[in-house]
>>> print(open('start_2.cif').read())   # mmCIF, C-alpha atoms
data_coords
loop_
_atom_site.group_PDB
_atom_site.id
_atom_site.type_symbol
_atom_site.label_atom_id
_atom_site.label_comp_id
_atom_site.auth_asym_id
_atom_site.auth_seq_id
_atom_site.Cartn_x
_atom_site.Cartn_y
_atom_site.Cartn_z
ATOM 1 C CA MET A 1 0.000 0.000 0.000
ATOM 2 C CA MET A 2 1.349 3.454 -0.867
ATOM 3 C CA LEU A 3 2.151 5.604 2.131
ATOM 4 C CA GLY A 4 0.494 8.538 0.384
ATOM 5 C CA LEU A 5 -2.845 7.160 1.637
ATOM 6 C CA ARG A 6 -2.348 8.673 5.062
ATOM 7 C CA SER A 7 -4.332 7.665 8.108
ATOM 8 C CA ALA A 8 -6.144 10.219 10.240
ATOM 9 C CA ALA A 9 -3.767 9.420 13.068
ATOM 10 C CA ALA A 10 -0.760 10.204 10.911
ATOM 11 C CA LEU A 11 -2.349 13.431 9.766
ATOM 12 C CA SER A 12 -3.009 14.567 13.309
ATOM 13 C CA SER A 13 0.442 13.871 14.682
ATOM 14 C CA SER A 14 2.896 15.797 12.434
ATOM 15 C CA ARG A 15 5.717 15.068 14.828
ATOM 16 C CA ARG A 16 8.526 17.591 14.852
ATOM 17 C CA ILE A 17 11.857 17.263 16.576
ATOM 18 C CA LEU A 18 13.042 20.702 17.608
ATOM 19 C CA LYS A 19 16.525 20.766 16.250
ATOM 20 C CA THR A 20 18.384 23.127 13.973
ATOM 21 C CA HIS A 21 19.390 21.727 10.595
ATOM 22 C CA CYS A 22 22.099 23.993 9.220
ATOM 23 C CA VAL A 23 23.022 23.424 5.603
ATOM 24 C CA ALA A 24 26.113 25.023 4.124
ATOM 25 C CA ALA A 25 25.405 27.261 1.148
ATOM 26 C CA MET A 26 27.495 29.516 -1.073
ATOM 27 C CA SER A 27 30.344 27.042 -0.827
ATOM 28 C CA THR A 28 31.957 24.161 -2.576
ATOM 29 C CA SER A 29 30.711 20.720 -1.599
ATOM 30 C CA THR A 30 31.046 19.932 2.091
ATOM 31 C CA ILE A 31 29.603 16.413 1.822
ATOM 32 C CA ASN A 32 31.529 13.587 3.411
ATOM 33 C CA PRO A 33 32.215 10.986 0.668
ATOM 34 C CA SER A 34 30.139 8.442 2.611
ATOM 35 C CA SER A 35 27.236 10.778 3.519
ATOM 36 C CA PRO A 36 23.915 10.209 1.685
ATOM 37 C CA ILE A 37 23.340 12.220 -1.480
ATOM 38 C CA VAL A 38 20.624 12.607 -4.089
ATOM 39 C CA GLU A 39 21.418 13.061 -7.762
ATOM 40 C CA LEU A 40 18.975 14.860 -10.047
ATOM 41 C CA ARG A 41 19.644 14.150 -13.718
ATOM 42 C CA GLN A 42 17.837 15.829 -16.620
ATOM 43 C CA TYR A 43 18.249 14.735 -20.239
ATOM 44 C CA GLN A 44 16.730 17.027 -22.839
ATOM 45 C CA LEU A 45 15.595 14.961 -25.816
ATOM 46 C CA HIS A 46 14.973 15.667 -29.481
ATOM 47 C CA PRO A 47 11.162 15.894 -29.759
ATOM 48 C CA ALA A 48 11.154 13.516 -32.741
ATOM 49 C CA ALA A 49 13.272 10.983 -30.843
ATOM 50 C CA THR A 50 11.464 10.972 -27.500
ATOM 51 C CA GLY A 51 9.466 7.876 -28.445
ATOM 52 C CA THR A 52 12.605 5.927 -29.348
ATOM 53 C CA TYR A 53 14.358 7.001 -26.154
ATOM 54 C CA THR A 54 11.349 6.076 -24.013
ATOM 55 C CA LYS A 55 10.904 2.649 -25.626
ATOM 56 C CA ASN A 56 14.582 1.709 -25.259
ATOM 57 C CA THR A 57 14.715 3.074 -21.711
ATOM 58 C CA ILE A 58 11.695 1.042 -20.618
ATOM 59 C CA GLN A 59 13.198 -2.091 -22.160
ATOM 60 C CA SER A 60 16.480 -1.485 -20.289
ATOM 61 C CA SER A 61 14.900 -0.343 -17.020
ATOM 62 C CA ASP A 62 16.138 -3.351 -15.027
ATOM 63 C CA LEU A 63 19.706 -2.322 -15.837
ATOM 64 C CA ARG A 64 19.078 1.276 -14.752
ATOM 65 C CA LYS A 65 17.540 0.034 -11.516
ATOM 66 C CA THR A 66 20.807 -1.609 -10.516
ATOM 67 C CA LEU A 67 21.468 1.998 -9.491
ATOM 68 C CA PRO A 68 19.392 3.320 -6.540
ATOM 69 C CA LEU A 69 16.718 4.856 -8.774
ATOM 70 C CA ALA A 70 13.879 6.519 -6.855
ATOM 71 C CA PHE A 71 12.044 8.293 -9.691
ATOM 72 C CA PHE A 72 12.018 8.493 -13.473
ATOM 73 C CA GLY A 73 9.514 10.540 -15.434
ATOM 74 C CA PHE A 74 8.737 13.213 -17.990
ATOM 75 C CA PRO A 75 7.254 16.708 -17.596
ATOM 76 C CA GLU A 76 3.657 17.312 -18.613
ATOM 77 C CA THR A 77 3.699 21.051 -17.883
ATOM 78 C CA GLY A 78 5.650 23.616 -15.900
ATOM 79 C CA SER A 79 9.145 25.084 -15.881
ATOM 80 C CA ILE A 80 11.085 21.984 -16.968
ATOM 81 C CA THR A 81 11.340 21.800 -20.751
ATOM 82 C CA LEU A 82 9.040 19.254 -22.381
ATOM 83 C CA ASN A 83 10.680 16.085 -23.740
ATOM 84 C CA THR A 84 13.099 15.976 -20.809
ATOM 85 C CA ALA A 85 13.827 12.741 -18.952
ATOM 86 C CA VAL A 86 13.993 13.542 -15.230
ATOM 87 C CA HIS A 87 15.488 11.013 -12.820
ATOM 88 C CA LEU A 88 16.338 10.981 -9.115
ATOM 89 C CA TYR A 89 18.813 8.620 -7.453
ATOM 90 C CA HIS A 90 19.395 8.231 -3.720
ATOM 91 C CA TYR A 91 22.884 7.063 -2.756
ATOM 92 C CA PRO A 92 22.822 6.251 0.988
ATOM 93 C CA GLU A 93 26.600 5.714 1.023
ATOM 94 C CA GLY A 94 27.371 8.938 -0.788
ATOM 95 C CA THR A 95 29.635 10.015 -3.604
ATOM 96 C CA ARG A 96 31.843 6.934 -3.427
ATOM 97 C CA GLN A 97 28.845 4.676 -3.937
ATOM 98 C CA ARG A 98 27.718 6.804 -6.879
ATOM 99 C CA LYS A 99 31.147 6.614 -8.512
ATOM 100 C CA ASP A 100 31.539 2.858 -7.976
ATOM 101 C CA GLU A 101 28.041 1.852 -9.074
ATOM 102 C CA ARG A 102 28.013 4.049 -12.169
ATOM 103 C CA ALA A 103 31.446 2.712 -13.142
ATOM 104 C CA ALA A 104 30.240 -0.870 -12.726
ATOM 105 C CA LEU A 105 27.149 -0.206 -14.860
ATOM 106 C CA ALA A 106 29.231 1.441 -17.581
ATOM 107 C CA LYS A 107 31.214 -1.791 -18.023
ATOM 108 C CA LYS A 108 28.159 -3.919 -18.820
ATOM 109 C CA ASP A 109 27.733 -4.787 -22.490
ATOM 110 C CA GLU A 110 23.933 -4.486 -22.235
ATOM 111 C CA TRP A 111 24.291 -0.929 -20.914
ATOM 112 C CA LYS A 112 26.730 -0.017 -23.671
ATOM 113 C CA GLN A 113 24.229 -1.340 -26.198
ATOM 114 C CA TYR A 114 21.428 0.695 -24.614
ATOM 115 C CA LEU A 115 23.512 3.884 -24.666
ATOM 116 C CA GLY A 116 24.358 3.282 -28.297
ATOM 117 C CA GLY A 117 20.649 3.212 -29.093
ATOM 118 C CA VAL A 118 19.698 6.393 -27.209
ATOM 119 C CA LYS A 119 22.774 8.636 -27.430
ATOM 120 C CA GLU A 120 21.546 10.356 -30.577
ATOM 121 C CA CYS A 121 18.163 11.013 -28.921
ATOM 122 C CA MET A 122 19.694 13.390 -26.374
ATOM 123 C CA MET A 123 20.531 17.052 -26.978
ATOM 124 C CA GLN A 124 21.752 17.954 -23.495
ATOM 125 C CA GLN A 125 22.480 16.278 -20.160
ATOM 126 C CA LYS A 126 22.551 17.855 -16.708
ATOM 127 C CA SER A 127 23.438 16.431 -13.299
ATOM 128 C CA GLU A 128 23.149 18.112 -9.883
ATOM 129 C CA ILE A 129 23.841 16.816 -6.377
ATOM 130 C CA PHE A 130 21.486 17.450 -3.455
ATOM 131 C CA VAL A 131 21.106 16.361 0.135
ATOM 132 C CA GLU A 132 17.817 15.577 1.809
ATOM 133 C CA ALA A 133 17.012 18.187 4.447
ATOM 134 C CA GLY A 134 17.168 16.983 8.040
ATOM 135 C CA LEU A 135 13.504 17.809 8.559
ATOM 136 C CA VAL A 136 12.656 14.823 6.334
ATOM 137 C CA GLN A 137 13.512 12.664 9.350
ATOM 138 C CA ASP A 138 11.379 14.781 11.684
ATOM 139 C CA PHE A 139 7.973 14.187 10.095
ATOM 140 C CA GLU A 140 6.531 10.700 9.951
ATOM 141 C CA GLU A 141 4.368 11.698 6.964
ATOM 142 C CA VAL A 142 7.479 12.485 4.871
ATOM 143 C CA THR A 143 8.986 9.242 3.572
ATOM 144 C CA GLY A 144 12.209 10.406 1.943
ATOM 145 C CA LEU A 145 13.385 8.928 -1.363
ATOM 146 C CA GLU A 146 14.941 5.752 0.027
ATOM 147 C CA TYR A 147 11.490 4.506 1.035
ATOM 148 C CA TRP A 148 10.437 4.300 -2.603
ATOM 149 C CA ILE A 149 13.528 2.378 -3.639
ATOM 150 C CA LYS A 150 12.850 -0.197 -0.935
ATOM 151 C CA ASN A 151 9.095 -0.200 -1.639
ATOM 152 C CA ASP A 152 9.108 -0.060 -5.445
ATOM 153 C CA CYS A 153 5.579 0.811 -6.607
ATOM 154 C CA SER A 154 6.209 0.362 -10.336
ATOM 155 C CA MET A 155 3.954 -2.707 -10.283
ATOM 156 C CA ASN A 156 1.138 -0.259 -9.478
ATOM 157 C CA SER A 157 1.849 1.978 -12.474
ATOM 158 C CA GLY A 158 -0.834 2.812 -14.993
ATOM 159 C CA GLY A 159 -2.892 5.216 -12.900
ATOM 160 C CA GLU A 160 -3.129 8.992 -13.081
ATOM 161 C CA SER A 161 -0.582 9.834 -10.387
ATOM 162 C CA ILE A 162 1.752 12.777 -10.825
ATOM 163 C CA VAL A 163 4.913 14.031 -9.136
ATOM 164 C CA GLU A 164 5.155 17.758 -8.464
ATOM 165 C CA LEU A 165 8.542 19.479 -8.227
ATOM 166 C CA ARG A 166 8.420 22.859 -6.481
ATOM 167 C CA LYS A 167 11.664 24.793 -6.827
ATOM 168 C CA TYR A 168 12.792 27.706 -4.664
ATOM 169 C CA GLN A 169 15.822 29.696 -5.765
ATOM 170 C CA LEU A 170 16.992 31.513 -2.655
ATOM 171 C CA LYS A 171 19.061 34.650 -2.182
ATOM 172 C CA LEU A 172 22.810 34.379 -1.717
ATOM 173 C CA GLY A 173 24.026 34.057 1.848
ATOM 174 C CA TYR A 174 25.226 31.438 4.296
ATOM 175 C CA ASP A 175 22.155 31.774 6.519
ATOM 176 C CA THR A 176 19.515 31.723 3.793
ATOM 177 C CA VAL A 177 18.995 27.955 3.514
ATOM 178 C CA PRO A 178 18.987 27.303 7.291
ATOM 179 C CA ASN A 179 16.482 30.144 7.754
ATOM 180 C CA PHE A 180 14.317 28.717 4.982
ATOM 181 C CA LEU A 181 14.319 25.257 6.575
ATOM 182 C CA LYS A 182 13.456 26.667 10.000
ATOM 183 C CA LEU A 183 10.486 28.615 8.648
ATOM 184 C CA TYR A 184 9.392 25.692 6.498
ATOM 185 C CA SER A 185 9.494 23.120 9.326
ATOM 186 C CA GLU A 186 7.503 25.410 11.625
ATOM 187 C CA ALA A 187 4.793 26.011 9.011
ATOM 188 C CA LEU A 188 4.611 22.524 7.477
ATOM 189 C CA PRO A 189 2.353 20.806 10.084
ATOM 190 C CA SER A 190 -0.512 23.159 9.300
ATOM 191 C CA LYS A 191 -0.256 22.309 5.603
ATOM 192 C CA LEU A 192 -0.063 18.563 6.202
ATOM 193 C CA ASN A 193 -3.092 18.779 8.501
ATOM 194 C CA ALA A 194 -5.125 21.210 6.399
ATOM 195 C CA ALA A 195 -8.773 20.203 6.236
ATOM 196 C CA GLY A 196 -9.741 18.993 2.761
ATOM 197 C CA THR A 197 -6.264 17.844 1.698
ATOM 198 C CA HIS A 198 -6.625 14.977 -0.784
ATOM 199 C CA PRO A 199 -5.715 11.650 0.860
ATOM 200 C CA THR A 200 -3.224 10.763 -1.878
ATOM 201 C CA THR A 201 -1.235 13.981 -1.546
ATOM 202 C CA GLN A 202 2.109 13.363 0.123
ATOM 203 C CA LEU A 203 5.333 15.269 0.644
ATOM 204 C CA VAL A 204 8.065 12.873 -0.477
ATOM 205 C CA THR A 205 11.187 14.875 0.376
ATOM 206 C CA ILE A 206 12.919 18.240 0.603
ATOM 207 C CA LEU A 207 16.169 18.551 -1.354
ATOM 208 C CA VAL A 208 18.896 21.144 -0.796
ATOM 209 C CA SER A 209 21.527 21.725 -3.490
ATOM 210 C CA ASP A 210 25.177 20.925 -2.834
ATOM 211 C CA VAL A 211 26.717 20.757 -6.324
ATOM 212 C CA GLY A 212 25.129 22.803 -9.089
ATOM 213 C CA SER A 213 23.023 25.935 -8.596
ATOM 214 C CA LEU A 214 23.537 26.627 -4.895
ATOM 215 C CA ASN A 215 20.855 27.878 -2.505
ATOM 216 C CA THR A 216 18.283 25.846 -4.415
ATOM 217 C CA VAL A 217 15.580 23.904 -2.586
ATOM 218 C CA TYR A 218 13.127 21.417 -4.090
ATOM 219 C CA GLU A 219 9.915 20.115 -2.601
ATOM 220 C CA VAL A 220 8.902 16.756 -4.133
ATOM 221 C CA TRP A 221 5.184 15.942 -3.787
ATOM 222 C CA LYS A 222 3.083 13.093 -5.151
ATOM 223 C CA HIS A 223 -0.614 13.290 -5.932
ATOM 224 C CA GLY A 224 -3.220 10.815 -7.183
ATOM 225 C CA GLY A 225 -3.037 7.089 -7.834
ATOM 226 C CA LYS A 226 -4.775 4.156 -9.466
ATOM 227 C CA ASP A 227 -8.261 5.495 -8.833
ATOM 228 C CA SER A 228 -7.725 9.245 -8.537
ATOM 229 C CA CYS A 229 -6.541 11.947 -10.918
ATOM 230 C CA GLY A 230 -3.242 13.479 -9.832
ATOM 231 C CA MET A 231 -4.000 16.953 -11.196
ATOM 232 C CA GLU A 232 -7.366 17.065 -9.438
ATOM 233 C CA ALA A 233 -5.811 15.800 -6.194
ATOM 234 C CA MET A 234 -3.091 18.446 -6.392
ATOM 235 C CA GLU A 235 -5.573 21.255 -6.945
ATOM 236 C CA GLN A 236 -7.768 20.060 -4.069
ATOM 237 C CA SER A 237 -4.763 19.971 -1.742
ATOM 238 C CA ARG A 238 -3.569 23.393 -2.888
ATOM 239 C CA GLN A 239 -6.969 24.877 -2.105
ATOM 240 C CA ALA A 240 -6.908 23.224 1.325
ATOM 241 C CA SER A 241 -3.447 24.626 2.145
ATOM 242 C CA ARG A 242 -4.647 28.156 1.476
ATOM 243 C CA GLY A 243 -6.828 27.808 4.551
ATOM 244 C CA ALA A 244 -3.861 26.818 6.753
ATOM 245 C CA LYS A 245 -3.004 30.008 8.673
ATOM 246 C CA GLU A 246 0.464 28.979 9.863
ATOM 247 C CA TRP A 247 1.408 27.817 6.371
ATOM 248 C CA ARG A 248 0.319 31.103 4.799
ATOM 249 C CA THR A 249 2.306 33.028 7.411
ATOM 250 C CA GLY A 250 5.381 30.857 6.888
ATOM 251 C CA ILE A 251 5.281 31.159 3.113
ATOM 252 C CA ALA A 252 5.018 34.947 3.397
ATOM 253 C CA GLU A 253 8.314 34.932 5.330
ATOM 254 C CA ILE A 254 9.906 32.367 2.991
ATOM 255 C CA ALA A 255 9.035 34.592 0.021
ATOM 256 C CA LYS A 256 11.378 37.235 1.443
ATOM 257 C CA LEU A 257 14.277 34.764 1.138
ATOM 258 C CA ALA A 258 13.582 33.717 -2.457
ATOM 259 C CA THR A 259 14.468 35.226 -5.811
ATOM 260 C CA SER A 260 12.194 32.888 -7.807
ATOM 261 C CA PHE A 261 9.757 30.018 -7.425
ATOM 262 C CA ASP A 262 8.505 27.606 -10.068
ATOM 263 C CA THR A 263 6.779 24.258 -10.377
ATOM 264 C CA SER A 264 6.762 21.314 -12.771
ATOM 265 C CA ILE A 265 4.328 18.422 -13.100
ATOM 266 C CA LEU A 266 5.922 15.082 -14.016
ATOM 267 C CA LYS A 267 4.329 11.837 -15.162
ATOM 268 C CA PRO A 268 6.142 8.791 -13.740
ATOM 269 C CA ALA A 269 7.468 6.246 -16.232
ATOM 270 C CA SER A 270 6.043 2.743 -15.885
ATOM 271 C CA PHE A 271 9.204 1.470 -14.188
ATOM 272 C CA SER A 272 9.598 4.378 -11.751
ATOM 273 C CA PRO A 273 9.598 3.212 -8.100
ATOM 274 C CA LEU A 274 7.889 6.459 -7.074
ATOM 275 C CA GLN A 275 4.456 6.489 -8.685
#
>>> encode(input="start_2.cif", output="structure tokens")
Amino acid sequence: MMLGLRSAAALSSSRRILKTHCVAAMSTSTINPSSPIVELRQYQLHPAATGTYTKNTIQSSDLRKTLPLAFFGFPETGSITLNTAVHLYHYPEGTRQRKDERAALAKKDEWKQYLGGVKECMMQQKSEIFVEAGLVQDFEEVTGLEYWIKNDCSMNSGGESIVELRKYQLKLGYDTVPNFLKLYSEALPSKLNAAGTHPTTQLVTILVSDVGSLNTVYEVWKHGGKDSCGMEAMEQSRQASRGAKEWRTGIAEIAKLATSFDTSILKPASFSPLQ
């Protein structure tokens, strides 16, 4: 059963551990080589070749999932360019694990054959490294990405679920990200508990950039499922959150820290663990 179908008890608890989660920003990477990381990869595809790329990628999905793949999908609307393959990997043992596992996959003949069939489909590739914010561990409703790798829901694909990426680009400064996370964690319970929130809506994780565009924060939400439309579920939950006083107050303060905010709606591929 998907954890997005939250119980009333879970909704009412919204446990928070009162600790400060300071994340270094405006710096080069401070990650310990064995500390968990998340990699966000985006491959922009030739529109005419998207079908070929998708077909070959589905056929080779078992190979890709020898890596710790949490999500794979394509944008339906929003700020991410259409015909872009978006994938998230969670490496619990950090950069060394990423290096070793990608090197091992690159040596496989089947993977070389797959790359040979899709290389010409791609116009541009982008990779960024993030860490999951500490507050992910503080709320029992927030699963984190590793949950979906261990509880692969690709067998339940075929519904109308969507994944929503909400991106905050914050102002420069060492204190900006920690201040954002403090405000966010204080306001989040009211949003999670907002009356009328669709039962399939779930906050999956909060990601903070470490390599790439710094002072970037992503919220990753899922909406909908086998028997419910993701877009309708998202809109219902958005309307509900507007009635959450603490959330509205928190977002007003967060807005002072941001230079831009945008969203993208992604459709999970059939083999994506997160559906």
>>> closest_residue(input="start_2.cif", among="A:Ile58, A:Ala85, A:Ala187, A:Leu192", to="Glu141 of chain A", atoms="all atoms listed in the file")
A:Leu192
>>> resolve_selection(input="start_2.cif", expression="the PyMOL selection byres ((chain A and resi 56) around 12)", output="MDAnalysis selection string")
chainID A and resid 49:55 57:64 110:111 113:119 121
>>> write_last_selection(input="start_2.cif", atoms="C-alpha atoms", output="PDB file, in the frame of the given file")
ATOM      1  CA  ALA A  49      13.272  10.983 -30.843  1.00  0.00           C
ATOM      2  CA  THR A  50      11.464  10.972 -27.500  1.00  0.00           C
ATOM      3  CA  GLY A  51       9.466   7.876 -28.445  1.00  0.00           C
ATOM      4  CA  THR A  52      12.605   5.927 -29.348  1.00  0.00           C
ATOM      5  CA  TYR A  53      14.358   7.001 -26.154  1.00  0.00           C
ATOM      6  CA  THR A  54      11.349   6.076 -24.013  1.00  0.00           C
ATOM      7  CA  LYS A  55      10.904   2.649 -25.626  1.00  0.00           C
ATOM      8  CA  THR A  57      14.715   3.074 -21.711  1.00  0.00           C
ATOM      9  CA  ILE A  58      11.695   1.042 -20.618  1.00  0.00           C
ATOM     10  CA  GLN A  59      13.198  -2.091 -22.160  1.00  0.00           C
ATOM     11  CA  SER A  60      16.480  -1.485 -20.289  1.00  0.00           C
ATOM     12  CA  SER A  61      14.900  -0.343 -17.020  1.00  0.00           C
ATOM     13  CA  ASP A  62      16.138  -3.351 -15.027  1.00  0.00           C
ATOM     14  CA  LEU A  63      19.706  -2.322 -15.837  1.00  0.00           C
ATOM     15  CA  ARG A  64      19.078   1.276 -14.752  1.00  0.00           C
ATOM     16  CA  GLU A 110      23.933  -4.486 -22.235  1.00  0.00           C
ATOM     17  CA  TRP A 111      24.291  -0.929 -20.914  1.00  0.00           C
ATOM     18  CA  GLN A 113      24.229  -1.340 -26.198  1.00  0.00           C
ATOM     19  CA  TYR A 114      21.428   0.695 -24.614  1.00  0.00           C
ATOM     20  CA  LEU A 115      23.512   3.884 -24.666  1.00  0.00           C
ATOM     21  CA  GLY A 116      24.358   3.282 -28.297  1.00  0.00           C
ATOM     22  CA  GLY A 117      20.649   3.212 -29.093  1.00  0.00           C
ATOM     23  CA  VAL A 118      19.698   6.393 -27.209  1.00  0.00           C
ATOM     24  CA  LYS A 119      22.774   8.636 -27.430  1.00  0.00           C
ATOM     25  CA  CYS A 121      18.163  11.013 -28.921  1.00  0.00           C
TER      26      CYS A 121
END
>>> resolve_selection(input="start_2.cif", expression="the PyMOL selection byres ((chain A and resi 144) around 12)", output="number ranges by chain")
A: 3-4, 36-38, 70-71, 88-90, 92, 131-143, 145-151, 202-207, 219-222, 274
>>> atom_distance(input="start_2.cif", atom1="atom CA of Asn215 of chain A", atom2="atom CA of Leu170 of chain A")
5.3 Å
>>> residues_around(input="start_2.cif", residues="Ala240 of chain A", least_positions_apart="6", cutoff="12 Å", atoms="only C-alpha atoms", output="compact mmCIF listing (two decimals) with C-alpha atoms, in the frame of the given file")
# COMPACT_ATOMS: atom_id res chain seq x y z
CA SER A 190 -0.51 23.16 9.30
CA LYS A 191 -0.26 22.31 5.60
CA LEU A 192 -0.06 18.56 6.20
CA ASN A 193 -3.09 18.78 8.50
CA ALA A 194 -5.12 21.21 6.40
CA ALA A 195 -8.77 20.20 6.24
CA GLY A 196 -9.74 18.99 2.76
CA THR A 197 -6.26 17.84 1.70
CA HIS A 198 -6.62 14.98 -0.78
CA PRO A 199 -5.72 11.65 0.86
CA THR A 201 -1.24 13.98 -1.55
CA ALA A 233 -5.81 15.80 -6.19
CA MET A 234 -3.09 18.45 -6.39
CA TRP A 247 1.41 27.82 6.37
CA ARG A 248 0.32 31.10 4.80
>>> resolve_selection(input="start_2.cif", expression="the PyMOL selection byres ((chain A and resi 212) around 8)", output="list in words")
Ser127, Glu128, Ile129, Ser209, Asp210, Val211, Ser213 and Leu214 of chain A
>>> atom_distance(input="start_2.cif", atom1="atom CA of Met122 of chain A", atom2="atom CA of Gly158 of chain A")
25.7 Å
>>> residues_around(input="start_2.cif", residues="Lys226 of chain A", least_positions_apart="3", cutoff="10 Å", atoms="only C-alpha atoms", output="PyMOL selection string")
chain A and resi 156-161+229-230+275
>>> closest_residue(input="start_2.cif", among="A:Glu253, A:Glu164, A:Glu232, A:Glu246", to="Ser79 of chain A", atoms="all atoms listed in the file")
A:Glu164
>>> atom_distance(input="start_2.cif", atom1="atom CA of Leu67 of chain A", atom2="atom CA of Ser154 of chain A")
15.4 Å
>>> closest_residue(input="start_2.cif", among="A:Gln97, A:Asn32, A:Ser241, A:Ser260", to="Arg166 of chain A", atoms="all atoms listed in the file")
A:Ser260
>>> closest_residue(input="start_2.cif", among="A:Met231, A:Leu188, A:Leu69, A:Leu165", to="Thr249 of chain A", atoms="all atoms listed in the file")
A:Leu188
>>> closest_residue(input="start_2.cif", among="A:Thr77, A:Thr95, A:Gln169, A:Gln44", to="Gln124 of chain A", atoms="only C-alpha atoms")
A:Gln44
>>> closest_residue(input="start_2.cif", among="A:Thr66, A:Lys167, A:Leu45, A:Asn179", to="Tyr91 of chain A", atoms="all atoms listed in the file")
A:Thr66
